[in-house]
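run.txt follows; it contains compact mmCIF, C-alpha atoms.
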# COMPACT_ATOMS: atom_id res chain seq x y z
CA MET A 588 1.65 -172.38 -47.22
CA MET A 589 1.96 -172.50 -43.39
CA PRO A 590 5.61 -173.14 -42.54
CA ASP A 591 6.28 -176.53 -40.98
CA PRO A 592 7.33 -176.27 -37.27
CA ALA A 593 10.22 -178.77 -37.59
CA THR A 594 11.56 -176.87 -40.61
CA LEU A 595 11.21 -173.55 -38.78
CA GLY A 596 13.07 -175.03 -35.79
CA ALA A 597 16.00 -176.10 -37.97
CA ILE A 598 16.05 -172.71 -39.68
CA LEU A 599 16.07 -170.89 -36.32
CA LEU A 600 18.91 -173.10 -35.10
CA MET A 601 20.93 -172.30 -38.23
CA ALA A 602 20.21 -168.59 -37.81
CA ILE A 603 21.38 -168.59 -34.18
CA VAL A 604 24.56 -170.60 -34.92
CA THR A 605 25.43 -168.39 -37.89
CA TYR A 606 24.84 -165.13 -36.03
CA ALA A 607 26.96 -166.41 -33.13
CA THR A 608 29.87 -167.00 -35.55
CA ARG A 609 29.38 -163.50 -36.96
CA ILE A 610 29.58 -161.67 -33.62
CA GLY A 611 31.87 -164.17 -31.82
CA GLY A 612 35.11 -163.09 -33.49
CA TYR A 613 34.38 -159.41 -32.89
CA LEU A 614 33.29 -159.88 -29.27
CA LEU A 615 35.86 -162.45 -28.13
CA LEU A 616 38.95 -161.87 -30.29
CA GLY A 617 38.58 -158.24 -31.30
CA ASP A 618 40.16 -156.44 -28.35
CA ARG A 619 43.26 -158.59 -28.16
CA ILE A 620 46.59 -157.13 -29.27
CA LEU A 621 47.46 -159.59 -32.01
CA SER A 622 50.91 -161.13 -32.32
CA PRO A 623 52.75 -160.94 -35.69
CA ARG A 624 51.86 -164.60 -36.19
CA MET A 625 48.18 -163.88 -35.56
CA THR A 626 48.36 -160.87 -37.88
CA ALA A 627 49.83 -163.07 -40.64
CA VAL A 628 46.97 -165.49 -40.10
CA MET A 629 44.38 -162.72 -40.30
CA ASP A 630 46.01 -161.35 -43.46
CA ALA A 631 45.90 -164.74 -45.17
CA ALA A 632 42.47 -165.86 -43.89
CA PRO A 633 40.21 -163.93 -46.30
CA GLY A 634 42.00 -165.25 -49.38
CA CYS A 635 41.99 -168.77 -47.91
CA VAL A 636 38.22 -168.65 -47.43
CA LEU A 637 37.51 -167.18 -50.87
CA VAL A 638 39.76 -169.63 -52.71
CA SER A 639 38.22 -172.57 -50.81
CA VAL A 640 34.68 -171.51 -51.70
CA ILE A 641 35.51 -171.50 -55.44
CA ALA A 642 37.57 -174.72 -55.30
CA PRO A 643 34.81 -176.75 -57.03
CA ALA A 644 35.30 -174.60 -60.15
CA PHE A 645 38.96 -175.72 -60.24
CA ALA A 646 37.93 -179.34 -59.74
CA ALA A 647 35.56 -179.35 -62.72
CA GLY A 648 35.96 -182.49 -64.76
CA ARG A 649 34.88 -180.81 -67.98
CA SER A 650 37.46 -179.24 -70.30
CA ALA A 651 35.06 -176.45 -71.33
CA ASP A 652 34.71 -175.38 -67.69
CA LEU A 653 38.46 -175.46 -67.07
CA ILE A 654 39.30 -173.44 -70.20
CA ALA A 655 36.62 -170.89 -69.25
CA LEU A 656 38.09 -170.71 -65.76
CA VAL A 657 41.57 -170.03 -67.16
CA ALA A 658 40.10 -167.26 -69.36
CA THR A 659 38.32 -165.82 -66.31
CA LEU A 660 41.49 -166.02 -64.23
CA PHE A 661 43.41 -164.22 -66.97
CA ALA A 662 40.73 -161.52 -67.15
CA ALA A 663 40.68 -161.15 -63.37
CA THR A 664 44.40 -160.28 -63.28
CA ARG A 665 43.98 -157.24 -65.54
CA LEU A 666 40.34 -156.13 -65.85
CA PRO A 667 37.78 -154.61 -63.45
CA LEU A 668 35.02 -156.72 -61.94
CA LEU A 669 32.17 -156.34 -64.42
CA PRO A 670 34.13 -157.12 -67.62
CA THR A 671 35.69 -160.08 -65.82
CA VAL A 672 32.26 -161.42 -64.88
CA LEU A 673 31.00 -160.92 -68.45
CA ILE A 674 34.04 -162.68 -69.92
CA GLY A 675 33.62 -165.53 -67.42
CA VAL A 676 29.92 -166.05 -68.18
CA ALA A 677 30.29 -165.64 -71.96
CA SER A 678 33.33 -167.89 -72.26
CA ALA A 679 31.69 -170.60 -70.13
CA ALA A 680 28.48 -170.49 -72.21
CA MET A 681 30.36 -170.55 -75.53
CA LEU A 682 32.83 -173.27 -74.58
CA ARG A 683 30.08 -175.50 -73.17
CA PHE A 684 28.23 -175.11 -76.44
CA MET A 685 31.34 -175.79 -78.55
CA LEU A 686 32.73 -178.61 -76.39
CA PRO A 687 29.75 -180.69 -75.19
CA ALA A 688 30.50 -182.94 -72.22
CA MET B 1352 18.98 -146.73 -40.12
CA THR B 1353 18.24 -143.00 -40.42
CA GLY B 1354 17.81 -142.68 -36.65
CA MET B 1355 21.38 -143.77 -36.03
CA THR B 1356 23.57 -141.41 -34.09
CA GLN B 1357 27.21 -141.92 -33.47
CA GLY B 1358 30.03 -140.19 -31.63
CA ARG B 1359 31.82 -138.81 -34.66
CA SER B 1360 28.80 -139.02 -36.90
CA MET B 1361 29.17 -137.98 -40.50
CA PRO B 1362 26.56 -135.60 -41.93
CA VAL B 1363 23.45 -137.18 -43.45
CA PRO B 1364 24.15 -136.28 -47.13
CA GLU B 1365 27.63 -137.75 -46.85
CA ARG B 1366 26.25 -140.88 -45.23
CA ARG B 1367 23.70 -141.22 -48.01
CA ALA B 1368 26.47 -140.85 -50.61
CA GLU B 1369 28.45 -143.57 -48.85
CA LEU B 1370 25.39 -145.83 -48.80
CA ALA B 1371 24.91 -145.28 -52.53
CA ARG B 1372 28.61 -145.91 -53.17
CA GLY B 1373 28.28 -149.25 -51.36
CA LEU B 1374 25.16 -150.19 -53.31
CA ARG B 1375 26.90 -149.37 -56.61
CA ALA B 1376 30.00 -151.33 -55.60
CA SER B 1377 27.88 -154.36 -54.72
CA LEU B 1378 26.17 -154.44 -58.12
CA PRO B 1379 28.58 -156.86 -59.86
CA VAL B 1380 28.49 -159.14 -56.82
CA MET B 1381 24.68 -159.00 -56.83
CA ILE B 1382 24.77 -160.26 -60.41
CA GLY B 1383 27.11 -163.01 -59.23
CA PHE B 1384 24.64 -163.92 -56.46
CA ILE B 1385 21.61 -164.37 -58.72
CA PRO B 1386 22.41 -167.75 -60.29
CA PHE B 1387 23.43 -169.19 -56.93
CA ALA B 1388 20.31 -167.87 -55.24
CA LEU B 1389 18.11 -169.34 -57.97
CA VAL B 1390 19.86 -172.70 -57.71
CA LEU B 1391 19.63 -172.75 -53.91
CA GLY B 1392 15.92 -171.89 -54.00
CA ALA B 1393 15.29 -174.58 -56.60
CA GLN B 1394 17.25 -177.18 -54.60
CA ALA B 1395 15.43 -176.24 -51.39
CA SER B 1396 12.03 -176.59 -53.04
CA ALA B 1397 13.09 -179.99 -54.38
CA LYS B 1398 13.81 -180.97 -50.74
CA GLY B 1399 10.28 -179.97 -49.77
CA LEU B 1400 10.80 -176.44 -48.42
CA GLY B 1401 7.94 -174.11 -49.30
CA ALA B 1402 8.16 -170.82 -51.16
CA LEU B 1403 7.72 -169.07 -47.79
CA GLU B 1404 10.21 -171.23 -45.88
CA VAL B 1405 13.03 -170.58 -48.34
CA PRO B 1406 13.17 -166.78 -47.86
CA ILE B 1407 12.76 -167.32 -44.09
CA LEU B 1408 15.87 -169.54 -44.21
CA THR B 1409 17.93 -167.27 -46.45
CA GLY B 1410 16.70 -164.11 -44.69
CA LEU B 1411 17.47 -165.28 -41.15
CA ASN B 1412 20.66 -167.21 -41.88
CA PHE B 1413 22.10 -165.27 -44.88
CA GLY B 1414 25.05 -167.58 -45.43
CA GLY B 1415 25.10 -169.23 -48.84
CA GLY B 1416 27.70 -171.91 -48.11
CA SER B 1417 25.91 -173.14 -44.99
CA GLU B 1418 22.55 -173.02 -46.78
CA PHE B 1419 23.77 -175.16 -49.67
CA ALA B 1420 25.29 -177.60 -47.18
CA ALA B 1421 22.15 -177.73 -45.02
CA ILE B 1422 19.82 -178.19 -47.99
CA GLY B 1423 22.05 -180.99 -49.25
CA LEU B 1424 21.56 -182.76 -45.89
CA TRP B 1425 17.90 -181.77 -45.41
CA THR B 1426 15.46 -184.53 -44.43
CA SER B 1427 11.85 -184.42 -43.23
CA PRO B 1428 11.95 -183.74 -40.31
CA PRO B 1429 15.45 -182.19 -40.46
CA HIS B 1430 18.21 -183.64 -38.26
CA LEU B 1431 18.93 -180.74 -35.91
CA LEU B 1432 22.37 -181.81 -34.66
CA LEU B 1433 23.61 -182.45 -38.19
CA ILE B 1434 22.23 -179.20 -39.58
CA GLY B 1435 23.54 -177.17 -36.62
CA GLY B 1436 26.97 -178.82 -36.72
CA VAL B 1437 27.45 -178.35 -40.45
CA THR B 1438 26.29 -174.73 -40.19
CA MET B 1439 28.86 -174.14 -37.45
CA LEU B 1440 31.67 -175.73 -39.46
CA VAL B 1441 30.92 -173.96 -42.69
CA ASN B 1442 30.54 -170.62 -40.89
CA CYS B 1443 33.32 -170.83 -38.29
CA ARG B 1444 35.41 -168.76 -40.68
CA HIS B 1445 33.18 -165.83 -39.59
CA LEU B 1446 35.03 -165.91 -36.25
CA LEU B 1447 38.30 -165.05 -37.99
CA MET B 1448 36.59 -162.57 -40.26
CA GLY B 1449 34.96 -160.79 -37.30
CA ALA B 1450 38.28 -160.64 -35.47
CA ALA B 1451 39.98 -159.16 -38.56
CA PHE B 1452 37.16 -156.62 -38.79
CA ALA B 1453 37.31 -155.60 -35.13
CA PRO B 1454 40.24 -153.14 -35.33
CA TYR B 1455 38.31 -151.12 -37.91
CA LEU B 1456 35.14 -151.08 -35.78
CA ARG B 1457 36.65 -149.74 -32.54
CA HIS B 1458 35.19 -146.26 -33.02
CA LEU B 1459 31.63 -147.62 -33.34
CA PRO B 1460 29.30 -148.51 -30.42
CA ARG B 1461 28.21 -152.13 -30.08
CA ARG B 1462 24.55 -151.31 -30.66
CA GLN B 1463 25.58 -150.37 -34.23
CA VAL B 1464 28.20 -153.06 -34.74
CA LEU B 1465 26.14 -156.07 -33.61
CA PRO B 1466 23.24 -155.49 -36.04
CA ALA B 1467 25.73 -154.61 -38.82
CA LEU B 1468 27.57 -157.90 -38.28
CA PHE B 1469 24.37 -159.80 -39.06
CA PHE B 1470 25.07 -158.90 -42.71
CA MET B 1471 28.71 -159.99 -42.67
CA CYS B 1472 29.17 -162.50 -45.50
CA ASP B 1473 32.39 -163.29 -47.39
CA GLU B 1474 31.70 -160.60 -49.96
CA SER B 1475 30.43 -157.73 -47.75
CA TRP B 1476 33.29 -158.39 -45.34
CA ALA B 1477 35.93 -158.48 -48.08
CA MET B 1478 34.56 -155.31 -49.69
CA GLY B 1479 34.22 -153.48 -46.37
CA LEU B 1480 37.75 -154.44 -45.37
CA ALA B 1481 39.24 -153.61 -48.78
CA ASP B 1482 37.56 -150.20 -48.63
CA ALA B 1483 38.82 -149.61 -45.09
CA ARG B 1484 42.38 -150.49 -46.14
CA LEU B 1485 42.15 -148.12 -49.11
CA GLY B 1486 40.78 -145.48 -46.75
CA ALA B 1487 43.64 -145.97 -44.33
CA ARG B 1488 46.16 -145.67 -47.16
CA ALA B 1489 44.42 -142.51 -48.39
CA GLY B 1490 44.66 -141.08 -44.88
CA ARG B 1491 40.92 -141.13 -44.07
CA SER B 1492 40.60 -140.35 -40.35
CA GLN B 1493 37.99 -143.12 -39.97
CA PRO B 1494 39.07 -145.76 -42.51
CA PHE B 1495 36.00 -148.00 -42.09
CA SER B 1496 32.81 -146.56 -43.56
CA LEU B 1497 29.77 -148.14 -41.90
CA ALA B 1498 27.42 -146.55 -44.44
CA TYR B 1499 29.42 -147.97 -47.35
CA TYR B 1500 29.40 -151.42 -45.72
CA LEU B 1501 25.65 -151.21 -45.11
CA GLY B 1502 25.10 -150.14 -48.73
CA VAL B 1503 26.99 -153.22 -49.90
CA SER B 1504 25.06 -155.37 -47.39
CA ILE B 1505 21.60 -154.11 -48.36
CA GLY B 1506 22.25 -154.85 -52.03
CA LEU B 1507 23.60 -158.33 -51.37
CA TYR B 1508 21.01 -159.26 -48.73
CA ALA B 1509 18.02 -158.15 -50.80
CA THR B 1510 19.36 -159.96 -53.87
CA TRP B 1511 19.95 -163.16 -51.93
CA VAL B 1512 16.54 -163.28 -50.22
CA VAL B 1513 14.52 -162.23 -53.28
CA PHE B 1514 16.25 -164.55 -55.74
CA THR B 1515 16.29 -167.58 -53.45
CA ALA B 1516 12.52 -167.12 -53.05
CA LEU B 1517 12.21 -166.77 -56.82
CA GLY B 1518 14.28 -169.93 -57.25
CA ALA B 1519 11.89 -171.80 -54.95
CA LEU B 1520 8.92 -170.63 -57.03
CA LEU B 1521 10.60 -171.31 -60.38
CA GLY B 1522 12.47 -174.41 -59.21
CA PRO B 1523 10.72 -177.05 -61.27
CA VAL B 1524 10.57 -174.83 -64.41
CA LEU B 1525 14.13 -173.56 -64.32
CA GLY B 1526 16.12 -176.61 -65.30
CA ASP B 1527 19.90 -176.51 -65.42
CA ILE B 1528 21.14 -172.91 -65.47
CA THR B 1529 24.80 -173.96 -65.56
CA ARG B 1530 24.15 -174.60 -69.25
CA TYR B 1531 24.18 -170.83 -69.86
CA GLY B 1532 27.45 -170.15 -68.04
CA PHE B 1533 26.03 -167.90 -65.31
CA ASP B 1534 27.65 -170.02 -62.63
CA MET B 1535 31.06 -168.73 -63.81
CA ALA B 1536 30.12 -165.28 -62.43
CA PHE B 1537 30.85 -166.51 -58.91
CA PRO B 1538 34.49 -167.60 -59.45
CA ALA B 1539 34.99 -164.45 -61.55
CA VAL B 1540 33.90 -162.22 -58.64
CA PHE B 1541 36.05 -164.12 -56.18
CA LEU B 1542 39.12 -164.05 -58.42
CA VAL B 1543 38.85 -160.27 -58.74
CA LEU B 1544 38.46 -159.99 -54.95
CA LEU B 1545 41.58 -162.14 -54.57
CA ARG B 1546 43.54 -159.93 -56.94
CA GLY B 1547 42.60 -156.97 -54.71
CA MET B 1548 44.08 -158.80 -51.71
CA TRP B 1549 47.25 -159.81 -53.55
CA LYS B 1550 50.46 -158.65 -51.86
CA SER B 1551 53.19 -161.07 -52.93
CA VAL B 1552 53.72 -164.67 -53.99
CA ARG B 1553 54.91 -165.43 -50.48
CA ALA B 1554 51.79 -163.93 -48.92
CA ALA B 1555 49.63 -165.93 -51.31
CA MET B 1556 51.23 -169.31 -50.49
CA PRO B 1557 48.55 -170.15 -47.88
CA TRP B 1558 45.92 -169.58 -50.60
CA ALA B 1559 47.57 -172.30 -52.69
CA VAL B 1560 47.42 -174.65 -49.69
CA SER B 1561 43.74 -173.80 -49.20
CA LEU B 1562 42.99 -174.39 -52.88
CA ALA B 1563 44.76 -177.75 -52.98
CA VAL B 1564 43.15 -179.02 -49.77
CA ALA B 1565 39.70 -177.69 -50.75
CA ILE B 1566 39.89 -179.39 -54.16
CA ALA B 1567 40.97 -182.68 -52.59
CA VAL B 1568 38.22 -182.57 -49.94
CA TYR B 1569 35.64 -181.51 -52.53
CA LEU B 1570 36.52 -184.55 -54.67
CA LEU B 1571 36.66 -187.01 -51.76
CA VAL B 1572 34.02 -185.90 -49.24
CA PRO B 1573 30.37 -185.16 -50.08
CA GLY B 1574 28.84 -181.92 -48.83
CA ALA B 1575 30.37 -178.49 -48.23
CA TRP B 1576 33.24 -179.68 -46.00
CA TYR B 1577 35.77 -178.46 -48.54
CA VAL B 1578 35.14 -174.85 -47.42
CA PRO B 1579 36.11 -175.19 -43.73
CA ALA B 1580 38.82 -177.77 -44.58
CA GLY B 1581 40.49 -175.55 -47.18
CA ALA B 1582 40.17 -172.41 -45.06
CA VAL B 1583 41.61 -174.06 -41.94
CA ALA B 1584 44.49 -175.68 -43.88
CA GLY B 1585 45.49 -172.33 -45.42
CA VAL B 1586 45.26 -170.53 -42.10
CA LEU B 1587 47.42 -173.20 -40.43
CA ALA B 1588 49.98 -172.81 -43.23
CA ALA B 1589 49.99 -169.03 -42.76
CA CYS B 1590 50.50 -169.57 -39.03
CA ALA B 1591 53.39 -171.99 -39.61
CA TRP B 1592 55.09 -169.76 -42.17
CA ALA B 1593 54.72 -166.48 -40.29
CA ARG B 1594 57.95 -164.67 -39.48
CA PRO B 1595 58.10 -164.49 -35.67
As structure tokens, how would this structure be written, given the file I've shared?
Amino acid sequence: MMPDPATLGAILLMAIVTYATRIGGYLLLGDRILSPRMTAVMDAAPGCVLVSVIAPAFAAGRSADLIALVATLFAATRLPLLPTVLIGVASAAMLRFMLPA
Amino acid sequence: MTGMTQGRSMPVPERRAELARGLRASLPVMIGFIPFALVLGAQASAKGLGALEVPILTGLNFGGGSEFAAIGLWTSPPHLLLIGGVTMLVNCRHLLMGAAFAPYLRHLPRRQVLPALFFMCDESWAMGLADARLGARAGRSQPFSLAYYLGVSIGLYATWVVFTALGALLGPVLGDITRYGFDMAFPAVFLVLLRGMWKSVRAAMPWAVSLAVAIAVYLLVPGAWYVPAGAVAGVLAACAWARP
């Protein structure tokens, strides 16, 4: 169970790089007065990141997954978080069962 | 965290209530984390990481996208330059996120902000920022609530570390959990977060650019490159379309 030194080294490197990205924006960019252009960028950035992270769901090759995603998207526009998650999970499970790949 | 003092400190009961409010708010996202954590742990154990090494990785790094990418590229011994470079690329969005956070953190001393930023992931950041914007609209004198953000963070961090470790232990037994549909919890959470950020079709145009580029890169390039590629493309579009 002793951790392997090479693995630990890679993990430490990842941890340092990631923490640097977390504090870098606050320390280096935070005190600037931002231009309207920069403000527009900052306003759009969170959505851009979130939508990129879930892009694989939109690229699913399986019709069951895409139909479930549309149902989830529909739910997300009008329901709170928990019902949306439940609808997403339930519709994906049911459609995958009904429409095998 | 109980020993924390701050200039305009809120009373302890209020801080505790804010912490609990954050924990409650993070609950649906915690549920969304579980399948991903289990899958990551299982994938890491398949790459030869031990049941102790997995929580060390997820506890020290705490960045799901970079962990999936790194595990996908993991060799024995791991290639440091590759792992470090991919981690940087997947997580460089944190720079923008931290900068967007900074105006709301001005009233807090660095010795509180720097540890708190360790827990900044897409979800805790989005929730903290959304709450601060609501607070500003409601006329809260200090729109950003550190206790609320930490409540969100504690819930998400504990879930991630515990369930990635569990995934490493269960890895071989677990099989394919996408069969049960739990993986759809993640897009569901993100879509609801996006709805909360929605302002107008015009303001959402960069998101469409991000989505299109991320899908294309996901289909064409192996690994997690689609995240930085999509994010950067959308941000560039927002920059180009901004009214001067």
Pick from B:Leu1507, B:Leu1447, B:Val1568, B:Val1512 nearest to chain A, counting all atoms listed in the file
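Going through B:Leu1507, B:Leu1447, B:Val1568, B:Val1512 one by one, the smallest distance to chain A is for B:Leu1447.
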Given all atoms listed in the file, how would the per-residue table for chain A near chain B read, listing every residue at most 7 Å away with its closest atom pair and distance in Å to one decimal, sorted by chain and number, as a Markdown table?
| residue | atom | partner | partner_atom | distance |
| --- | --- | --- | --- | --- |
| A:Met588 | CA | B:Gly1401 | CA | 6.8 |
| A:Pro590 | CA | B:Glu1404 | CA | 6.0 |
| A:Ala593 | CA | B:Pro1428 | CA | 5.9 |
| A:Thr594 | CA | B:Pro1429 | CA | 6.6 |
| A:Ala597 | CA | B:Leu1431 | CA | 5.9 |
| A:Ile598 | CA | B:Leu1408 | CA | 5.5 |
| A:Leu600 | CA | B:Gly1435 | CA | 6.3 |
| A:Met601 | CA | B:Gly1435 | CA | 5.8 |
| A:Ala602 | CA | B:Asn1412 | CA | 4.3 |
| A:Val604 | CA | B:Met1439 | CA | 6.1 |
| A:Thr605 | CA | B:Asn1412 | CA | 6.3 |
| A:Tyr606 | CA | B:Phe1469 | CA | 6.1 |
| A:Thr608 | CA | B:Leu1446 | CA | 5.3 |
| A:Arg609 | CA | B:His1445 | CA | 5.2 |
| A:Ile610 | CA | B:Leu1468 | CA | 6.3 |
| A:Gly611 | CA | B:Leu1446 | CA | 5.7 |
| A:Gly612 | CA | B:Leu1446 | CA | 3.9 |
| A:Tyr613 | CA | B:Gly1449 | CA | 4.7 |
| A:Leu616 | CA | B:Ala1450 | CA | 5.4 |
| A:Gly617 | CA | B:Ala1450 | CA | 4.8 |
| A:Pro623 | CA | B:Pro1595 | CA | 6.4 |
| A:Arg624 | CA | B:Ala1593 | CA | 5.3 |
| A:Ala627 | CA | B:Ala1593 | CA | 6.0 |
| A:Val628 | CA | B:Ala1589 | CA | 5.4 |
| A:Met629 | CA | B:Ala1451 | CA | 5.9 |
| A:Ala631 | CA | B:Ala1589 | CA | 6.4 |
| A:Ala632 | CA | B:Val1586 | CA | 5.7 |
| A:Gly634 | CA | B:Trp1558 | CA | 6.0 |
| A:Cys635 | CA | B:Trp1558 | CA | 4.8 |
| A:Val636 | CA | B:Ala1582 | CA | 4.9 |
| A:Leu637 | CA | B:Phe1541 | CA | 6.3 |
| A:Val638 | CA | B:Leu1562 | CA | 5.8 |
| A:Ser639 | CA | B:Val1578 | CA | 5.1 |
| A:Val640 | CA | B:Val1578 | CA | 5.4 |
| A:Ile641 | CA | B:Pro1538 | CA | 5.7 |
| A:Ala642 | CA | B:Ile1566 | CA | 5.3 |
| A:Pro643 | CA | B:Ile1566 | CA | 6.4 |
| A:Ala646 | CA | B:Ile1566 | CA | 5.9 |
| A:Thr659 | CA | B:Ala1539 | CA | 6.0 |
| A:Leu660 | CA | B:Leu1542 | CA | 6.6 |
| A:Ala663 | CA | B:Val1543 | CA | 5.1 |
| A:Thr664 | CA | B:Arg1546 | CA | 6.4 |
| A:Leu668 | CA | B:Val1543 | CA | 6.1 |
| A:Leu669 | CA | B:Pro1379 | CA | 5.8 |
| A:Thr671 | CA | B:Ala1539 | CA | 6.1 |
| A:Val672 | CA | B:Ala1536 | CA | 5.0 |
| A:Gly675 | CA | B:Met1535 | CA | 5.5 |
| A:Val676 | CA | B:Gly1532 | CA | 4.8 |
| A:Ala677 | CA | B:Gly1532 | CA | 6.6 |
| A:Ala679 | CA | B:Gly1532 | CA | 4.7 |
| A:Ala680 | CA | B:Gly1532 | CA | 4.3 |
Go ahead and fit an axis-aligned box to every listed atom of range 1423-1432 of chain B plus 3 Å each side, and pass me the centre and edge lengths in Å, one decimal, as AutoDock Vina command-line options.
--center_x 17.1 --center_y -182.6 --center_z -42.0 --size_x 16.5 --size_y 9.8 --size_z 20.6
* **Test item: residues at most 9 Å from Ala1388 in chain B, all atoms listed in the file, excluding those fewer than 5 positions along its chain, as a PyMOL selection string** => chain B and resi 1393+1415+1510-1518
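With all atoms listed in the file as the atoms that count, the minimum distance from Ser1377 in chain B to the choices B:Gln1394, B:Gln1463, B:Ser1492, B:Ser1504 is reached by B:Ser1504.
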As a check of understanding: the span from CA of Ala1395 in chain B to CA of Ala647 in chain A is 23.3 Å
One decimal, in Å: what's the spacing between CA of Ser1496 in chain B and CA of Met625 in chain A?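 About the pair CA of Ser1496 in chain B and CA of Met625 in chain A: they are 24.5 Å apart.
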Check: In Å, with one decimal, what is the gap from CA of Val1390 in chain B to CA of Tyr1499 in chain B?
Finding: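 One can read the CA of Val1390 in chain B to CA of Tyr1499 in chain B distance as 28.5 Å.
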### Query
Within 10 Å of Ile654 in chain A, counting all atoms listed in the file, which residues qualify if same-chain residues fewer than 3 places away don't, as a ChimeraX atom specification?
/A:649-651,657-660,678-679,682-683
